[in-house]
Protein chains: 2
Amino acid sequence: MNYELILNNIARHIPLDKEETDYFVSRITFREFPKKALLLKEGQVCNLLSYVHSGALRAYFIDGSGKESTIMFAVPDWWVTDMYCFLNGRPAMMYIEAIENSCIFQIRKEDLDELYIKVPKFERYFRILMQNAYTREQLRVIENLSLPAKERYNNFLDKYPHIARVVTLKQIASYLGITPEFLSAIRKSK
Amino acid sequence: MNYELILNNIARHIPLDKEETDYFVSRITFREFPKKALLLKEGQVCNLLSYVHSGALRAYFIDGSGKESTIMFAVPDWWVTDMYCFLNGRPAMMYIEAIENSCIFQIRKEDLDELYIKVPKFERYFRILMQNAYTREQLRVIENLSLPAKERYNNFLDKYPHIARVVTLKQIASYLGITPEFLSAIRKSK
DNA sequence: CGTCTATTTGAATGTACTCAAAAGCGGTGG
DNA sequence: CCACCGCTTTTGAGTACATTCAAATAGACG
């Protein structure tokens, strides 16, 4: 198994010695998911935090009326889970699917909690991750509130060009909170 | 000074001994802000993280066309800052104002960074805070994407009844991402 | 090649905005 | 204590942004 990517990610934030590294590696498991596979389904227990080594995932939510909203795309070197349910031991509210064949590392909640105790440095690592996730979501809220769909689409293309290449327009539309038909109209008007 | 509220908040997540408590207390400063005072202005350096002991704050953003979007309201026992700029040492993108006479504790970024080193338990404390902030923002994104304004307004009233009592309708509208006129229409139609 | 899904097109509709103005409300000074 | 000022909230008409529904077209995959 190739741990280079994930260990480098960690090394950018905290230094780990050999023993700590080994312990961490012993707590994560590797899985491959073919395109279209579901990693998580609404209602399931969500006790896994996933790291994308390669491929791409999409987290989405289906509301009462059946409308799908994309919460996030996860590309290589990203962590993803239904964080609220993962942290609070609640049944998942969201779906997570592979939008490409994907190689994923996963850690279980109980192992993560133990990791915090055995190697407290990981508190810092995940604090930083959570800070980044928080500020990213906040920026997205601001964008959603203050920009019309067309500019949100342009921003999306600028910010995530690699994702835009991989996903369908329908999925982008559901990330932006508009219908595929309207996104199509936006694209035509450019 | 009355540190009970803030120390209790911390105690709910991590245990501190006397020495650690004293050190923390020595790093925070107390300030009062009268209603309408600005704690932070766009463009200013944002090197303070604020905790609301009493009163209420509002963080907002003004876009290119002059439109104001409320990012968050902070009521007693909440932490608030322009997190992105605080963490990255960038000039502030947002404004933070007191919407009531408010008592605030503040910690400077450098002191916080030192606190993490001297009392690593605070890594855990702020990790948990950041997790909660992240999942809250994510929930808000989902709501904004999937619900019409009327339901977002009802949710807001349910979730933050105490805030709804304190702020103007204009401020609520700007939190929901709609115009005051439209919020007024929504209210009439109830 | 045929089937399934993604994307586009267009018409009709609904949701939310702009602008202008009136009404309500709170504070302040005479 | 009243009159006035400034700001919030409401109202209404006209408009723009975004959706729904139905159907045509284009692409992807077995």
# chains A, B, ... in the order shown; residues from 1 in each chain; ligands from 1
>>> interface_residues(of="chain A", to="chain B", cutoff="7 Å", atoms="only C-alpha atoms", output="ChimeraX atom specification")
/A:63,69,71,83-84,123-124,126-127,130-131,133-135,137-138,141-142,145-146,177
>>> residues_around(residues="region 13-26 of chain D", least_positions_apart="3", cutoff="10 Å", atoms="only C-alpha atoms (C1' of nucleotides)", output="list in words")
Pro148, Ala149, Ile178, Thr179, Glu181, Phe182 and Leu183 of chain A; DA6, DT7, DT8, DT9, DG10, DA11, DA12, DT13, DG14, DT15, DA16, DC17, DT18, DC19 and DA20 of chain C
>>> write_last_selection(atoms="N, CA and C atoms (P, O5', C5', C4', C3', O3' and C1' of nucleotides)", output="compact mmCIF listing (two decimals), in the first residue's frame")
# COMPACT_ATOMS: atom_id res chain seq x y z
N PRO A 148 -25.26 35.77 -7.69
CA PRO A 148 -26.23 35.07 -8.55
C PRO A 148 -25.59 33.80 -9.11
N ALA A 149 -26.43 32.92 -9.58
CA ALA A 149 -26.00 31.58 -10.00
C ALA A 149 -24.87 31.62 -11.02
N ILE A 178 -29.03 25.00 -8.11
CA ILE A 178 -29.91 25.36 -9.23
C ILE A 178 -30.27 24.10 -10.02
N THR A 179 -31.22 24.23 -10.92
CA THR A 179 -31.62 23.08 -11.72
C THR A 179 -30.66 22.90 -12.90
N GLU A 181 -31.42 22.45 -15.92
CA GLU A 181 -31.92 23.24 -17.04
C GLU A 181 -31.41 24.67 -16.96
N PHE A 182 -31.43 25.20 -15.76
CA PHE A 182 -30.99 26.59 -15.62
C PHE A 182 -29.47 26.70 -15.79
N LEU A 183 -28.75 25.71 -15.32
CA LEU A 183 -27.30 25.73 -15.54
C LEU A 183 -27.00 25.69 -17.03
P DA C 6 -27.61 10.90 -15.53
O5' DA C 6 -27.04 11.82 -16.69
C5' DA C 6 -25.76 11.57 -17.23
C4' DA C 6 -25.47 12.63 -18.27
C3' DA C 6 -25.64 14.05 -17.77
O3' DA C 6 -24.57 14.82 -18.31
C1' DA C 6 -27.11 13.67 -19.60
P DT C 7 -24.40 16.34 -17.96
O5' DT C 7 -25.18 17.06 -19.13
C5' DT C 7 -24.71 16.94 -20.46
C4' DT C 7 -25.65 17.67 -21.39
C3' DT C 7 -26.00 19.09 -20.97
O3' DT C 7 -25.45 19.97 -21.94
C1' DT C 7 -27.91 17.90 -21.75
P DT C 8 -25.74 21.53 -21.97
O5' DT C 8 -27.02 21.60 -22.90
C5' DT C 8 -26.93 21.16 -24.24
C4' DT C 8 -28.27 21.37 -24.94
C3' DT C 8 -28.80 22.81 -24.91
O3' DT C 8 -29.02 23.20 -26.26
C1' DT C 8 -30.49 21.27 -24.27
P DT C 9 -29.26 24.73 -26.66
O5' DT C 9 -30.84 24.83 -26.87
C5' DT C 9 -31.53 23.75 -27.48
C4' DT C 9 -33.04 23.97 -27.37
C3' DT C 9 -33.52 25.39 -27.11
O3' DT C 9 -34.32 25.80 -28.21
C1' DT C 9 -34.62 23.83 -25.69
P DG C 10 -34.92 27.25 -28.47
O5' DG C 10 -36.34 27.13 -27.75
C5' DG C 10 -37.23 26.07 -28.10
C4' DG C 10 -38.53 26.21 -27.33
C3' DG C 10 -38.90 27.66 -26.95
O3' DG C 10 -40.29 27.83 -27.20
C1' DG C 10 -38.85 26.32 -25.01
P DA C 11 -41.02 29.23 -27.08
O5' DA C 11 -42.29 28.86 -26.17
C5' DA C 11 -42.94 27.58 -26.30
C4' DA C 11 -43.85 27.41 -25.09
C3' DA C 11 -44.49 28.71 -24.61
O3' DA C 11 -45.83 28.44 -24.21
C1' DA C 11 -43.18 27.80 -22.88
P DA C 12 -46.77 29.59 -23.64
O5' DA C 12 -46.84 29.20 -22.08
C5' DA C 12 -47.23 27.89 -21.71
C4' DA C 12 -47.16 27.78 -20.20
C3' DA C 12 -47.81 28.95 -19.46
O3' DA C 12 -48.53 28.44 -18.35
C1' DA C 12 -45.57 28.77 -18.79
P DT C 13 -49.26 29.42 -17.29
O5' DT C 13 -48.26 29.38 -16.05
C5' DT C 13 -47.90 28.10 -15.50
C4' DT C 13 -46.96 28.34 -14.31
C3' DT C 13 -47.45 29.41 -13.33
O3' DT C 13 -47.54 28.79 -12.05
C1' DT C 13 -45.17 29.76 -13.91
P DG C 14 -48.01 29.61 -10.77
O5' DG C 14 -46.66 29.67 -9.94
C5' DG C 14 -45.81 28.53 -9.85
C4' DG C 14 -44.54 28.94 -9.14
C3' DG C 14 -44.79 29.81 -7.91
O3' DG C 14 -43.80 29.44 -6.97
C1' DG C 14 -43.47 31.00 -9.47
P DT C 15 -43.98 29.79 -5.43
O5' DT C 15 -42.50 30.27 -5.05
C5' DT C 15 -41.37 29.73 -5.74
C4' DT C 15 -40.28 30.77 -5.76
C3' DT C 15 -40.21 31.64 -4.50
O3' DT C 15 -38.87 31.59 -4.06
C1' DT C 15 -40.21 33.00 -6.44
P DA C 16 -38.44 32.21 -2.66
O5' DA C 16 -37.85 33.60 -3.15
C5' DA C 16 -36.62 33.61 -3.90
C4' DA C 16 -36.38 35.00 -4.39
C3' DA C 16 -36.35 36.07 -3.30
O3' DA C 16 -35.08 36.72 -3.36
C1' DA C 16 -37.66 36.77 -5.13
P DC C 17 -34.74 38.09 -2.69
O5' DC C 17 -34.84 39.12 -3.90
C5' DC C 17 -34.07 38.85 -5.08
C4' DC C 17 -34.09 40.06 -5.98
C3' DC C 17 -33.79 41.37 -5.27
O3' DC C 17 -32.86 42.12 -6.03
C1' DC C 17 -35.88 41.51 -6.35
P DT C 18 -32.34 43.56 -5.41
O5' DT C 18 -33.15 44.64 -6.25
C5' DT C 18 -33.21 44.57 -7.66
C4' DT C 18 -33.98 45.77 -8.18
C3' DT C 18 -33.67 47.08 -7.46
O3' DT C 18 -33.43 48.08 -8.44
C1' DT C 18 -36.00 46.65 -7.41
P DC C 19 -32.86 49.53 -8.06
O5' DC C 19 -34.16 50.45 -8.01
C5' DC C 19 -35.16 50.28 -9.01
C4' DC C 19 -36.38 51.08 -8.62
C3' DC C 19 -36.11 52.32 -7.76
O3' DC C 19 -36.79 53.40 -8.33
C1' DC C 19 -37.76 50.97 -6.75
P DA C 20 -36.59 54.92 -7.80
O5' DA C 20 -38.01 55.20 -7.15
C5' DA C 20 -39.20 54.78 -7.84
C4' DA C 20 -40.38 54.99 -6.94
C3' DA C 20 -40.22 56.18 -5.98
O3' DA C 20 -41.45 56.88 -5.93
C1' DA C 20 -40.69 54.24 -4.76
>>> atom_distance(atom1="CA of His53 (chain B)", atom2="CA of Tyr3 (chain B)")
8.7 Å
>>> closest_residue(among="A:Asn154, A:Thr168, A:Thr21, A:Asn101", to="Arg187 (chain A)", atoms="only C-alpha atoms")
A:Asn154
>>> interface_residues(of="chain A", to="chain C", cutoff="9 Å", atoms="only C-alpha atoms (C1' of nucleotides)", output="list of chain:residue names")
A:Thr168, A:Leu169, A:Lys170, A:Pro180, A:Glu181, A:Ser184, A:Ala185
>>> interface_residues(of="chain D", to="chain B", cutoff="12 Å", atoms="only C-alpha atoms (C1' of nucleotides)", output="number ranges by chain")
D: 7-12, 19
